[in-house]
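Q: Pasting a structure below so you can have a look.
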2 protein chains.
Amino acid sequence: MKKPGPRAMSPEKIQSLINVALGKEKADLVVHNGSLVNVYTGEIQPDYSIAIKGDRIAHVGKDVNHTIGPDTRSIDATGKTIIPGFIDSHTHMCSIINPVEYMKFAMLHGTTTIITEIQEVAFPLGFRGIKYFINYLNHQPIKIFFTAPPLVTLSKTVDSHFLTPQQLRWLLKQDEVVGLGESYWLPTIRGDKRILDLISESLPTGKRLEGHSSGARNNKLIAYFNTGITSCHESINMEEALEKLRLGVNVMIREGGIRRELAAIAKIQEEGIDLRLLSLVSDGINARILFTKGYMDHIVQNAMNQGLLPTTAIQAATINPAAHFALDDIVGGIAPGKYADVVVIPSLATIKPEYVISNGQIVVQDGLLITKPKRKTWPSFIKKSFHLPKKLTAEDFRISANTLDGYVKVRVIEQIAELVTRELITEVKASNGIIDVDTEKDIIKVAAISTIEQPGTMSVGLLKGFGLKRGAFASSASWDSGNIVVVGANDADMASAVNRIAELYGGSVVCCNGQVLTEIDLSIAGDMSPLPLEALYTRLEEVQASLKQLGSTLINAPLSLVVLTSPAVPHLRISEAGLFNVREGVYVDLFVH
Amino acid sequence: MKKPGPRAMSPEKIQSLINVALGKEKADLVVHNGSLVNVYTGEIQPDYSIAIKGDRIAHVGKDVNHTIGPDTRSIDATGKTIIPGFIDSHTHMCSIINPVEYMKFAMLHGTTTIITEIQEVAFPLGFRGIKYFINYLNHQPIKIFFTAPPLVTLSKTVDSHFLTPQQLRWLLKQDEVVGLGESYWLPTIRGDKRILDLISESLPTGKRLEGHSSGARNNKLIAYFNTGITSCHESINMEEALEKLRLGVNVMIREGGIRRELAAIAKIQEEGIDLRLLSLVSDGINARILFTKGYMDHIVQNAMNQGLLPTTAIQAATINPAAHFALDDIVGGIAPGKYADVVVIPSLATIKPEYVISNGQIVVQDGLLITKPKRKTWPSFIKKSFHLPKKLTAEDFRISANTLDGYVKVRVIEQIAELVTRELITEVKASNGIIDVDTEKDIIKVAAISTIEQPGTMSVGLLKGFGLKRGAFASSASWDSGNIVVVGANDADMASAVNRIAELYGGSVVCCNGQVLTEIDLSIAGDMSPLPLEALYTRLEEVQASLKQLGSTLINAPLSLVVLTSPAVPHLRISEAGLFNVREGVYVDLFVH
């Protein structure tokens, strides 16, 4: 069921808000007498109160007594600080953590508006899945907005899930869709026709085009923003952040599950420049941080700890992202007629929500969640989103060389950081025409298996730096594709792990000696766990522990695994169609001729 | 003919901009080596250059040499300062000065984007006129955007020109229409159904709702902004400006033809607060200022002279208004992919455009206009926009009392400032059942005559403080109505002045002893002069001189006259339906019972 857009107000509702301000009608809820952080002027306004009618703010001021009637509820904020609900303006709500759990913790931690990418749903489910999740997340206690996914991918088996121009136009007409999602910079400035078409289709709407320009500088960076893209969440140091701010780009400092860049960028405050284009985002949060530390509250606290002024940090998580998405007419600040999204914290120094009000409803009281998101029974097209045509066997992972015995020159994906890989050209030994793993040299296998078009289509490559000595590790939550990605020191274990994922209709599975050591059910769109956050967190720790046991030296092996399929991160990647050199934008052979 | 929206770019155009940044294609125009004012960060960037391709900026940086080819034109800005083209975000482009002349001087003075109200066209011509002017102004060397006119009026003879919900929806779908125009605060918070309906219809589009809250403070001000209106250009001192900034409202400091409020507000810089919501606007400019001083350049210079930092003043006339209207994706700053709207000035201290580039075209070179706006031959529905059914005579202005001889208690409009009036209850003498003017006491007559529905319908009242001792003064450019408004010390001269206006199909006419002393043809929609600006300026000076000769003591009598019909200014006003008390929102009788 379509509800009225987030900006809609009937004449009667407008009249009622007018009446409350004038004292002719009474407020539903009043927050009394706190220090209000005014994100518009950057001031702290002491002894301020807020009156709320329905889902909107109907009065802000020193005195709201005329709005109080016998049925008006009241929250005493004496001695406390009142701030707007946080906005995470770049995240991935449908990745590993399911969105119900995500929302619970978002609310608990004072976040009342989320702008999320949705490719994780779009890859496996296409337009149907996008529509389903938008509709579902559009009826929740907090406001969720979306970007239409451009689905930049290495995979050749997702064409049927690319948005058609008609589908994109339909999406961009929805109030909940605030722009086009992150189009990675390299294929964009290389002139990928499909991406430029999506951009051209999006521009006339005036909605935002989200960017991702990791590592781009100077002419290439300018080329990228010439397209009309106006944000980037990939700055890793102050120089990059400054360069983008000066180009009029919304610099989203990322401090989330994938990377944490505040420490490197927060001292930007010392430049004394206008920081209206600075935002704080998670770019996806993981279960560990969400469960043990928090969400936007934690990020804002970190920003302050790293050197941003409290008001600057709060602006960067409220009005700045709201303005970027032209949502500042309804969210981002505590002002007349805006949504009543309000957080009460102990003090400006301690970003720890005691009360959270979202759409005028108290969702957190005394630090406890009292309003839950609406749960779903997921339909089967979501719970059983793929099917492999056959069980895989060790043979499927065999790499045949054109030499019976001897050394062969190959391209190896070398893991050089948690996310980043490079192309390593090296020689490996062939025996009986077969190239096997070489755990002595830390060279194991990696494979990507399509689950969308031509399911089961796969490619196998070599990987250095993952550290596995035994077993295999697979996941269906691979980035920017509909692939299952698997790494392993043993072909049979690789097959077992993938087969188990197929049985689960999605998962993260560690196998060794034919046994499943640990597994996580990711059966929601093959990407998200039905588990509550705490259980998921425990399970993820178990996976990491199992992998360590099998020899992996990576800090966050599950993350390093799923990124192997992504064109977003340099340099050598894999899809079901083979190895891909991201820098050059071309598929490359395993064998170097 | 409909042209593509201002945000549209074909994939080929996007590719071309990418190519220029990368040096693979060459720029059309380069501005070299100036001090660039970065409105995003508030910095001055020395030795910066800009490359332009078509109508967009394709490169900004220290070095754009790779974008220069044999056909690239070049402007040397060495030693000079480069700023974005100015934006006037609240003006009235169709009032007295015709829009072609307006645009000429706007360009000459560095203004490349204008957001204009359009009620002056909507009152006499209705929806047809609005569409005509939007289409006309949409094909010009600078960018003109519009707000849909709510037509708040005292008049009872304009109903047929009110926007229907369908017409409003159509307008708000146009790219050139960026919101709903100024809905004056008093009828709005009083709950005028038609206004609340227009607001409710506009809100879901996410476009801006423009405000006008002159004199409103505290609860009434909050009630007004509870409607979703988010701007006001009526602050007359710093306290009012601060109050609105704190409510998240875009405070447009007015420094134009009607009022100049910078002197009272510019010291707001000393508050040390975030000024992103501060804009500089003209709210309509007059021929005298435009011809003798300038436009937004003059306003920005004034702002600096009054105490705003240069960068703050420039931000307030570029990126701040752009952000307010969510046009900052295309205008307001010098950045990749934005419109190439660029002004070269001698220095940050001297806002005097030497070069003006609009949409990538040089429109001003060495301070001279080299690109002219497109001219129009106005169709007859615009040139002959009204017709009075009969010639008026002195008798039409007679005020009959219910007393033959003696004193009668009456309500008099008392002019207490250039714009503001109050209600004066006083006694006037009736002779033979007739109330005449009393120039000894400075009480003359005022009348409003409808030109739209039931043309010729009129009311007559009394006016104190205008100063006329003889003759009459009439204008068809009355604010917020389709009325001809006339003041006079002599009934026959009042009739002559109105009759001459009817012959001209619009004008401003001074009569005395049956003779026209001065007249200005305002035959474009009964509101604008076909004259070039210089001639119009001279003619307006003549009108003012004539009025002085006839005894008027007002500084700007033509302005004071046309405001008499407006509900925007307190307190006692007139329409063809009688006297109106703006504060109470009711019609009142001339006679006090």
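Chain labels follow the order of the structure tokens: the first chain is A, the next B, and so on; residue numbering restarts at 1 in every chain, and ligands are counted from 1 in their shown order.
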May I have a table of the residues of chain B lying at most 7 Å from chain A, giving each one's closest pair of atoms and their distance in Å to one decimal, counting only C-alpha atoms, ordered by chain and ascending residue number, as a tab-separated table?

A:
```
residue	atom	partner	partner_atom	distance
B:Gly5	CA	A:Pro204	CA	6.4
B:Arg7	CA	A:Pro204	CA	4.8
B:Ala8	CA	A:Pro204	CA	4.7
B:Met9	CA	A:Ser200	CA	5.7
B:Ser10	CA	A:Ser200	CA	5.6
B:Pro11	CA	A:Leu196	CA	5.3
B:Ile14	CA	A:Thr227	CA	5.5
B:Gln15	CA	A:Gly191	CA	6.3
B:Leu17	CA	A:Asn226	CA	5.9
B:Ile18	CA	A:Ala223	CA	4.3
B:Ala21	CA	A:Ala223	CA	4.9
B:Leu22	CA	A:Asn219	CA	5.7
B:Asn38	CA	A:Arg246	CA	6.7
B:Tyr40	CA	A:Gly248	CA	5.6
B:Thr41	CA	A:Asp274	CA	4.4
B:Gly42	CA	A:Asp274	CA	5.6
B:Glu43	CA	A:Ile273	CA	6.7
B:Ala58	CA	A:Asn226	CA	6.2
B:His59	CA	A:Ile222	CA	6.4
B:Ile189	CA	A:Ile18	CA	6.2
B:Gly191	CA	A:Gln15	CA	6.3
B:Leu196	CA	A:Pro11	CA	5.3
B:Asp197	CA	A:Pro11	CA	5.7
B:Ser200	CA	A:Ser10	CA	5.6
B:Leu203	CA	A:Ala8	CA	5.8
B:Pro204	CA	A:Ala8	CA	4.7
B:Gly206	CA	A:Arg7	CA	6.8
B:Asn219	CA	A:Ala21	CA	5.6
B:Lys220	CA	A:Leu22	CA	6.5
B:Ile222	CA	A:Pro336	CA	6.0
B:Ala223	CA	A:Ile18	CA	4.3
B:Tyr224	CA	A:Ile18	CA	6.7
B:Phe225	CA	A:Pro336	CA	5.7
B:Asn226	CA	A:Gly337	CA	3.9
B:Thr227	CA	A:Ile14	CA	5.5
B:Gly228	CA	A:Gly337	CA	5.6
B:Leu245	CA	A:Thr41	CA	6.7
B:Arg246	CA	A:Thr41	CA	6.1
B:Leu247	CA	A:Ala335	CA	5.2
B:Gly248	CA	A:Tyr40	CA	5.6
B:Ile273	CA	A:Thr41	CA	5.2
B:Asp274	CA	A:Thr41	CA	4.4
B:Leu275	CA	A:Thr41	CA	6.6
B:Ala326	CA	A:Ala326	CA	6.0
B:Ala335	CA	A:Leu247	CA	5.2
B:Pro336	CA	A:Asn226	CA	4.7
B:Gly337	CA	A:Asn226	CA	3.9
```

Q: Quick one: pick out all helix (DSSP H, G or I) residues within stretch 75-275 of chain B from a backbone DSSP run and write them as a short mmCIF file (atom, residue, chain, number, x, y, z; two decimals) with N, CA, C and O atoms, in the first residue's frame.

A:
```cif
data_model
loop_
_atom_site.label_atom_id
_atom_site.label_comp_id
_atom_site.auth_asym_id
_atom_site.auth_seq_id
_atom_site.Cartn_x
_atom_site.Cartn_y
_atom_site.Cartn_z
N PRO B 99 10.93 42.86 -18.60
CA PRO B 99 11.95 41.85 -18.31
C PRO B 99 13.15 41.87 -19.26
O PRO B 99 14.24 41.45 -18.88
N VAL B 100 12.97 42.38 -20.46
CA VAL B 100 14.13 42.46 -21.37
C VAL B 100 15.13 43.47 -20.83
O VAL B 100 16.34 43.21 -20.74
N GLU B 101 14.63 44.62 -20.43
CA GLU B 101 15.52 45.63 -19.85
C GLU B 101 16.11 45.13 -18.54
O GLU B 101 17.29 45.34 -18.24
N TYR B 102 15.28 44.47 -17.76
CA TYR B 102 15.74 43.91 -16.48
C TYR B 102 16.92 42.97 -16.72
O TYR B 102 17.97 43.07 -16.07
N MET B 103 16.76 42.08 -17.69
CA MET B 103 17.83 41.10 -17.95
C MET B 103 19.10 41.77 -18.45
O MET B 103 20.20 41.37 -18.07
N LYS B 104 18.95 42.79 -19.30
CA LYS B 104 20.14 43.49 -19.79
C LYS B 104 21.00 43.99 -18.64
O LYS B 104 22.21 43.78 -18.60
N PHE B 105 20.32 44.63 -17.70
CA PHE B 105 21.07 45.21 -16.58
C PHE B 105 21.50 44.13 -15.58
O PHE B 105 22.54 44.26 -14.93
N ALA B 106 20.72 43.08 -15.46
CA ALA B 106 21.15 41.97 -14.61
C ALA B 106 22.47 41.40 -15.11
O ALA B 106 23.43 41.23 -14.36
N MET B 107 22.52 41.16 -16.41
CA MET B 107 23.75 40.61 -17.00
C MET B 107 24.92 41.56 -16.82
O MET B 107 26.01 41.16 -16.40
N LEU B 108 24.67 42.81 -17.15
CA LEU B 108 25.72 43.83 -17.04
C LEU B 108 26.29 43.84 -15.62
O LEU B 108 27.48 44.11 -15.43
N GLN B 119 3.44 37.37 -9.69
CA GLN B 119 2.04 37.77 -9.51
C GLN B 119 1.64 38.98 -10.35
O GLN B 119 0.47 39.11 -10.73
N GLU B 120 2.63 39.82 -10.70
CA GLU B 120 2.31 41.01 -11.48
C GLU B 120 1.75 40.65 -12.85
O GLU B 120 1.03 41.44 -13.46
N VAL B 121 2.10 39.48 -13.33
CA VAL B 121 1.58 38.99 -14.59
C VAL B 121 0.34 38.15 -14.36
O VAL B 121 -0.61 38.15 -15.15
N ALA B 122 0.35 37.44 -13.23
CA ALA B 122 -0.76 36.52 -12.95
C ALA B 122 -2.05 37.27 -12.63
O ALA B 122 -3.14 36.83 -13.01
N PHE B 123 -1.95 38.38 -11.92
CA PHE B 123 -3.18 39.11 -11.60
C PHE B 123 -3.91 39.53 -12.88
O PHE B 123 -5.06 39.15 -13.07
N PRO B 124 -3.26 40.26 -13.78
CA PRO B 124 -4.02 40.70 -14.95
C PRO B 124 -4.30 39.60 -15.97
O PRO B 124 -5.33 39.65 -16.64
N LEU B 125 -3.42 38.60 -16.08
CA LEU B 125 -3.51 37.68 -17.22
C LEU B 125 -3.85 36.24 -16.83
O LEU B 125 -4.14 35.43 -17.71
N GLY B 126 -3.76 35.93 -15.55
CA GLY B 126 -4.08 34.56 -15.12
C GLY B 126 -3.04 33.55 -15.61
O GLY B 126 -1.91 33.90 -15.98
N PHE B 127 -3.45 32.29 -15.62
CA PHE B 127 -2.58 31.18 -15.96
C PHE B 127 -1.95 31.34 -17.35
O PHE B 127 -0.77 31.04 -17.55
N ARG B 128 -2.76 31.84 -18.28
CA ARG B 128 -2.26 32.02 -19.64
C ARG B 128 -1.04 32.96 -19.65
O ARG B 128 -0.06 32.71 -20.35
N GLY B 129 -1.14 34.02 -18.88
CA GLY B 129 -0.03 34.98 -18.80
C GLY B 129 1.19 34.38 -18.14
O GLY B 129 2.33 34.60 -18.57
N ILE B 130 0.97 33.61 -17.09
CA ILE B 130 2.09 32.96 -16.40
C ILE B 130 2.85 32.06 -17.36
O ILE B 130 4.07 32.13 -17.48
N LYS B 131 2.09 31.21 -18.06
CA LYS B 131 2.73 30.28 -19.00
C LYS B 131 3.50 31.04 -20.07
O LYS B 131 4.61 30.66 -20.45
N TYR B 132 2.90 32.13 -20.55
CA TYR B 132 3.54 32.91 -21.61
C TYR B 132 4.89 33.45 -21.13
O TYR B 132 5.90 33.33 -21.82
N PHE B 133 4.89 34.04 -19.95
CA PHE B 133 6.14 34.66 -19.47
C PHE B 133 7.18 33.60 -19.11
O PHE B 133 8.37 33.81 -19.34
N ILE B 134 6.74 32.50 -18.55
CA ILE B 134 7.71 31.44 -18.24
C ILE B 134 8.38 30.96 -19.52
O ILE B 134 9.61 30.84 -19.60
N ASN B 135 7.58 30.74 -20.52
CA ASN B 135 8.14 30.25 -21.77
C ASN B 135 9.08 31.28 -22.39
O ASN B 135 10.18 30.96 -22.85
N TYR B 136 8.66 32.52 -22.34
CA TYR B 136 9.48 33.59 -22.92
C TYR B 136 10.82 33.72 -22.19
O TYR B 136 11.89 33.77 -22.80
N LEU B 137 10.74 33.73 -20.87
CA LEU B 137 11.96 33.96 -20.07
C LEU B 137 12.83 32.72 -19.96
O LEU B 137 13.94 32.76 -19.44
N ASP B 159 -10.91 36.17 -8.80
CA ASP B 159 -11.07 34.72 -8.57
C ASP B 159 -10.76 33.89 -9.81
O ASP B 159 -10.18 32.81 -9.72
N SER B 160 -11.14 34.40 -10.95
CA SER B 160 -10.95 33.61 -12.17
C SER B 160 -9.47 33.48 -12.53
O SER B 160 -9.11 32.65 -13.36
N HIS B 161 -8.61 34.27 -11.89
CA HIS B 161 -7.18 34.17 -12.17
C HIS B 161 -6.41 33.41 -11.08
O HIS B 161 -5.20 33.22 -11.21
N PRO B 165 -6.03 23.90 -8.55
CA PRO B 165 -5.08 22.86 -8.14
C PRO B 165 -4.38 22.21 -9.34
O PRO B 165 -3.17 21.96 -9.30
N GLN B 166 -5.12 22.02 -10.42
CA GLN B 166 -4.52 21.42 -11.62
C GLN B 166 -3.43 22.32 -12.20
O GLN B 166 -2.36 21.86 -12.59
N GLN B 167 -3.74 23.61 -12.27
CA GLN B 167 -2.76 24.56 -12.82
C GLN B 167 -1.52 24.63 -11.93
O GLN B 167 -0.39 24.66 -12.42
N LEU B 168 -1.74 24.64 -10.62
CA LEU B 168 -0.61 24.67 -9.70
C LEU B 168 0.25 23.42 -9.87
O LEU B 168 1.48 23.49 -9.95
N ARG B 169 -0.41 22.27 -9.96
CA ARG B 169 0.35 21.03 -10.13
C ARG B 169 1.15 21.07 -11.43
O ARG B 169 2.30 20.66 -11.46
N TRP B 170 0.54 21.57 -12.47
CA TRP B 170 1.24 21.67 -13.76
C TRP B 170 2.46 22.56 -13.61
O TRP B 170 3.57 22.21 -14.03
N LEU B 171 2.26 23.71 -12.99
CA LEU B 171 3.38 24.64 -12.82
C LEU B 171 4.51 24.01 -12.02
O LEU B 171 5.68 24.11 -12.39
N LEU B 172 4.15 23.36 -10.92
CA LEU B 172 5.18 22.79 -10.05
C LEU B 172 5.92 21.63 -10.70
O LEU B 172 6.97 21.21 -10.24
N LYS B 173 5.36 21.11 -11.78
CA LYS B 173 6.07 20.06 -12.53
C LYS B 173 7.11 20.64 -13.49
O LYS B 173 7.96 19.92 -14.00
N TRP B 185 1.91 36.25 5.59
CA TRP B 185 1.75 35.47 6.82
C TRP B 185 0.39 35.60 7.48
O TRP B 185 -0.15 34.61 8.01
N LEU B 186 -0.18 36.81 7.46
CA LEU B 186 -1.41 36.98 8.26
C LEU B 186 -2.57 36.11 7.77
O LEU B 186 -3.10 35.31 8.54
N PRO B 187 -2.91 36.19 6.48
CA PRO B 187 -3.99 35.29 6.04
C PRO B 187 -3.61 33.81 6.17
O PRO B 187 -4.48 32.96 6.40
N THR B 188 -2.32 33.53 6.07
CA THR B 188 -1.89 32.12 6.17
C THR B 188 -2.15 31.58 7.58
O THR B 188 -2.78 30.53 7.74
N ILE B 189 -1.67 32.28 8.59
CA ILE B 189 -1.86 31.71 9.94
C ILE B 189 -3.29 31.90 10.41
O ILE B 189 -3.72 31.26 11.36
N LYS B 193 -8.44 29.28 3.65
CA LYS B 193 -8.52 27.94 3.08
C LYS B 193 -7.80 27.83 1.74
O LYS B 193 -7.10 26.85 1.47
N ARG B 194 -7.98 28.84 0.90
CA ARG B 194 -7.35 28.76 -0.42
C ARG B 194 -5.82 28.70 -0.28
O ARG B 194 -5.15 27.92 -0.97
N ILE B 195 -5.27 29.47 0.63
CA ILE B 195 -3.82 29.46 0.81
C ILE B 195 -3.35 28.12 1.36
O ILE B 195 -2.39 27.52 0.86
N LEU B 196 -4.03 27.61 2.39
CA LEU B 196 -3.61 26.31 2.95
C LEU B 196 -3.73 25.20 1.90
O LEU B 196 -2.91 24.28 1.86
N ASP B 197 -4.74 25.30 1.04
CA ASP B 197 -4.85 24.31 -0.04
C ASP B 197 -3.67 24.39 -1.00
O ASP B 197 -3.12 23.36 -1.41
N LEU B 198 -3.28 25.61 -1.34
CA LEU B 198 -2.12 25.77 -2.23
C LEU B 198 -0.85 25.21 -1.58
O LEU B 198 -0.04 24.54 -2.21
N ILE B 199 -0.69 25.50 -0.30
CA ILE B 199 0.47 25.00 0.44
C ILE B 199 0.47 23.48 0.46
O ILE B 199 1.48 22.83 0.17
N SER B 200 -0.69 22.92 0.79
CA SER B 200 -0.80 21.46 0.87
C SER B 200 -0.51 20.82 -0.49
O SER B 200 0.09 19.75 -0.57
N GLU B 201 -0.91 21.49 -1.53
CA GLU B 201 -0.67 20.98 -2.89
C GLU B 201 0.82 21.08 -3.26
O GLU B 201 1.34 20.25 -3.99
N SER B 202 1.49 22.08 -2.72
CA SER B 202 2.91 22.32 -3.08
C SER B 202 3.87 21.45 -2.29
O SER B 202 4.90 21.02 -2.82
N LEU B 203 3.57 21.21 -1.02
CA LEU B 203 4.52 20.52 -0.15
C LEU B 203 5.05 19.20 -0.72
O LEU B 203 6.27 18.97 -0.67
N PRO B 204 4.19 18.33 -1.23
CA PRO B 204 4.71 17.02 -1.65
C PRO B 204 5.76 17.08 -2.75
O PRO B 204 6.54 16.16 -2.92
N THR B 205 5.80 18.19 -3.50
CA THR B 205 6.76 18.28 -4.59
C THR B 205 8.19 18.47 -4.08
O THR B 205 9.14 18.28 -4.83
N ASN B 218 7.87 35.49 17.41
CA ASN B 218 7.46 34.51 18.42
C ASN B 218 6.44 33.49 17.91
O ASN B 218 6.65 32.90 16.87
N ASN B 219 5.36 33.32 18.66
CA ASN B 219 4.41 32.26 18.35
C ASN B 219 3.81 32.40 16.94
O ASN B 219 3.62 31.40 16.25
N LYS B 220 3.54 33.62 16.55
CA LYS B 220 2.95 33.81 15.22
C LYS B 220 3.95 33.45 14.12
O LYS B 220 3.58 32.88 13.10
N LEU B 221 5.20 33.79 14.37
CA LEU B 221 6.24 33.46 13.39
C LEU B 221 6.38 31.93 13.28
O LEU B 221 6.47 31.38 12.18
N ILE B 222 6.37 31.27 14.43
CA ILE B 222 6.48 29.81 14.42
C ILE B 222 5.26 29.18 13.76
O ILE B 222 5.39 28.25 12.96
N ALA B 223 4.10 29.71 14.06
CA ALA B 223 2.87 29.20 13.42
C ALA B 223 3.01 29.27 11.90
O ALA B 223 2.65 28.34 11.17
N TYR B 224 3.57 30.38 11.45
CA TYR B 224 3.72 30.59 10.00
C TYR B 224 4.66 29.54 9.40
O TYR B 224 4.34 28.91 8.39
N PHE B 225 5.81 29.33 10.04
CA PHE B 225 6.78 28.38 9.47
C PHE B 225 6.38 26.92 9.72
O PHE B 225 6.94 26.02 9.09
N MET B 238 18.34 43.05 13.10
CA MET B 238 19.11 41.87 13.36
C MET B 238 18.36 40.87 14.22
O MET B 238 18.50 39.66 14.04
N GLU B 239 17.58 41.36 15.14
CA GLU B 239 16.84 40.46 16.02
C GLU B 239 15.87 39.60 15.20
O GLU B 239 15.78 38.39 15.39
N GLU B 240 15.16 40.23 14.28
CA GLU B 240 14.24 39.46 13.43
C GLU B 240 15.00 38.46 12.56
O GLU B 240 14.58 37.32 12.41
N ALA B 241 16.11 38.90 12.01
CA ALA B 241 16.90 38.01 11.16
C ALA B 241 17.41 36.81 11.96
O ALA B 241 17.29 35.65 11.53
N LEU B 242 17.92 37.07 13.15
CA LEU B 242 18.44 36.00 14.01
C LEU B 242 17.34 35.02 14.39
O LEU B 242 17.54 33.80 14.37
N GLU B 243 16.19 35.57 14.75
CA GLU B 243 15.08 34.69 15.16
C GLU B 243 14.74 33.72 14.03
O GLU B 243 14.54 32.52 14.27
N LYS B 244 14.73 34.21 12.82
CA LYS B 244 14.36 33.34 11.69
C LYS B 244 15.47 32.36 11.35
O LYS B 244 15.20 31.18 11.06
N LEU B 245 16.73 32.82 11.37
CA LEU B 245 17.84 31.88 11.11
C LEU B 245 17.77 30.70 12.07
O LEU B 245 17.98 29.55 11.69
N ARG B 246 17.47 31.02 13.33
CA ARG B 246 17.41 29.96 14.35
C ARG B 246 16.24 29.01 14.12
O ARG B 246 16.23 27.90 14.64
N LEU B 262 20.16 46.09 4.65
CA LEU B 262 21.51 45.63 4.97
C LEU B 262 22.12 46.39 6.14
O LEU B 262 22.77 45.79 7.00
N ALA B 263 21.92 47.69 6.15
CA ALA B 263 22.54 48.49 7.20
C ALA B 263 22.14 47.98 8.58
O ALA B 263 22.93 47.96 9.52
N ALA B 264 20.89 47.52 8.68
CA ALA B 264 20.38 47.08 9.98
C ALA B 264 20.78 45.64 10.31
O ALA B 264 20.78 45.24 11.47
N ILE B 265 21.13 44.86 9.29
CA ILE B 265 21.30 43.41 9.53
C ILE B 265 22.73 42.93 9.33
O ILE B 265 23.14 41.93 9.92
N ALA B 266 23.53 43.65 8.53
CA ALA B 266 24.83 43.09 8.13
C ALA B 266 25.76 42.80 9.31
O ALA B 266 26.61 41.92 9.22
N LYS B 267 25.56 43.49 10.41
CA LYS B 267 26.46 43.23 11.55
C LYS B 267 26.18 41.86 12.18
O LYS B 267 26.85 41.47 13.14
N ILE B 268 25.26 41.13 11.63
CA ILE B 268 24.99 39.75 12.07
C ILE B 268 26.26 38.90 11.98
O ILE B 268 26.39 37.90 12.70
N GLN B 269 27.17 39.30 11.10
CA GLN B 269 28.44 38.57 10.99
C GLN B 269 29.14 38.47 12.35
O GLN B 269 29.78 37.48 12.65
N GLU B 270 28.99 39.53 13.15
CA GLU B 270 29.69 39.57 14.44
C GLU B 270 29.19 38.52 15.42
O GLU B 270 29.85 38.22 16.41
N GLU B 271 28.01 37.96 15.15
CA GLU B 271 27.47 36.93 16.04
C GLU B 271 28.30 35.64 15.98
O GLU B 271 28.17 34.78 16.85
#
```

Q: What's the 12 Å shell around A:Pro389, counting only C-alpha atoms, without same-chain residues fewer than 5 positions away, as a list in words?

A: Ile449, Ser450, Thr451, Ile452, Glu453, Gln454, Pro455, Gly456, Thr457, Asn499, Ala502 and Glu503 of chain A

Q: Which one of A:Asp527, A:Asp283, A:Asp405, A:Asp480 sits closest to A:Phe386 if you count only C-alpha atoms?

A: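 Nearest to A:Phe386: A:Asp527.
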
Q: May I ask for the distance between atom CA of A:Val281 and atom CA of A:Ile50, given in Å to one decimal place?

A: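 Rounded to one decimal, the two atoms are 27.1 Å apart.
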
Q: Could you check which of A:Leu559, A:Leu547, A:Val569, A:Val30 is closest to A:Ser213, using only C-alpha atoms?

A: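 Under the stated criterion, the closest residue is A:Val569.
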
Q: Can you tell me how far atom CA of A:Ile115 sits from atom CA of A:Glu182, in Å to one decimal?

A: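 For atom CA of A:Ile115 relative to atom CA of A:Glu182, the distance reads 12.1 Å.
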
Q: Would you list the contacts of stretch 366-377 of chain A as a count of residues only, taking every protein, DNA or RNA residue within 6 Å and counting only C-alpha atoms, but skipping same-chain residues closer than 6 positions in sequence?

A: 4

Q: Near A:Leu36, counting only C-alpha atoms, which residues have an atom at most 7 Å away, once you skip same-chain residues fewer than 2 positions from it, shown as a list in words?

A: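 So the residues in contact are Gly34, Asn38, Ile44, Gln45, Pro46, Tyr48, Thr81, Ile82 and Ile83 of chain A.
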
Q: Report the residues of stretch 219-343 of chain B whose backbone DSSP state falls under strand (DSSP E), written as JSON, numbers by chain.

A: {"B": [231, 232, 250, 251, 252, 253, 254, 278, 279, 280, 281, 342, 343]}

Q: Near stretch 407-424 of chain B, counting only C-alpha atoms, which residues have an atom at most 8 Å away, once you skip same-chain residues fewer than 2 positions from it, shown as a PyMOL selection string?

A: chain B and resi 401+403+405+426-430+461-466+554-557+559-560+563+569-573+581+589-593

Q: What's the separation between atom CA of B:Ser566 and atom CA of B:Ile258, in Å to one decimal place?

A: 13.3 Å
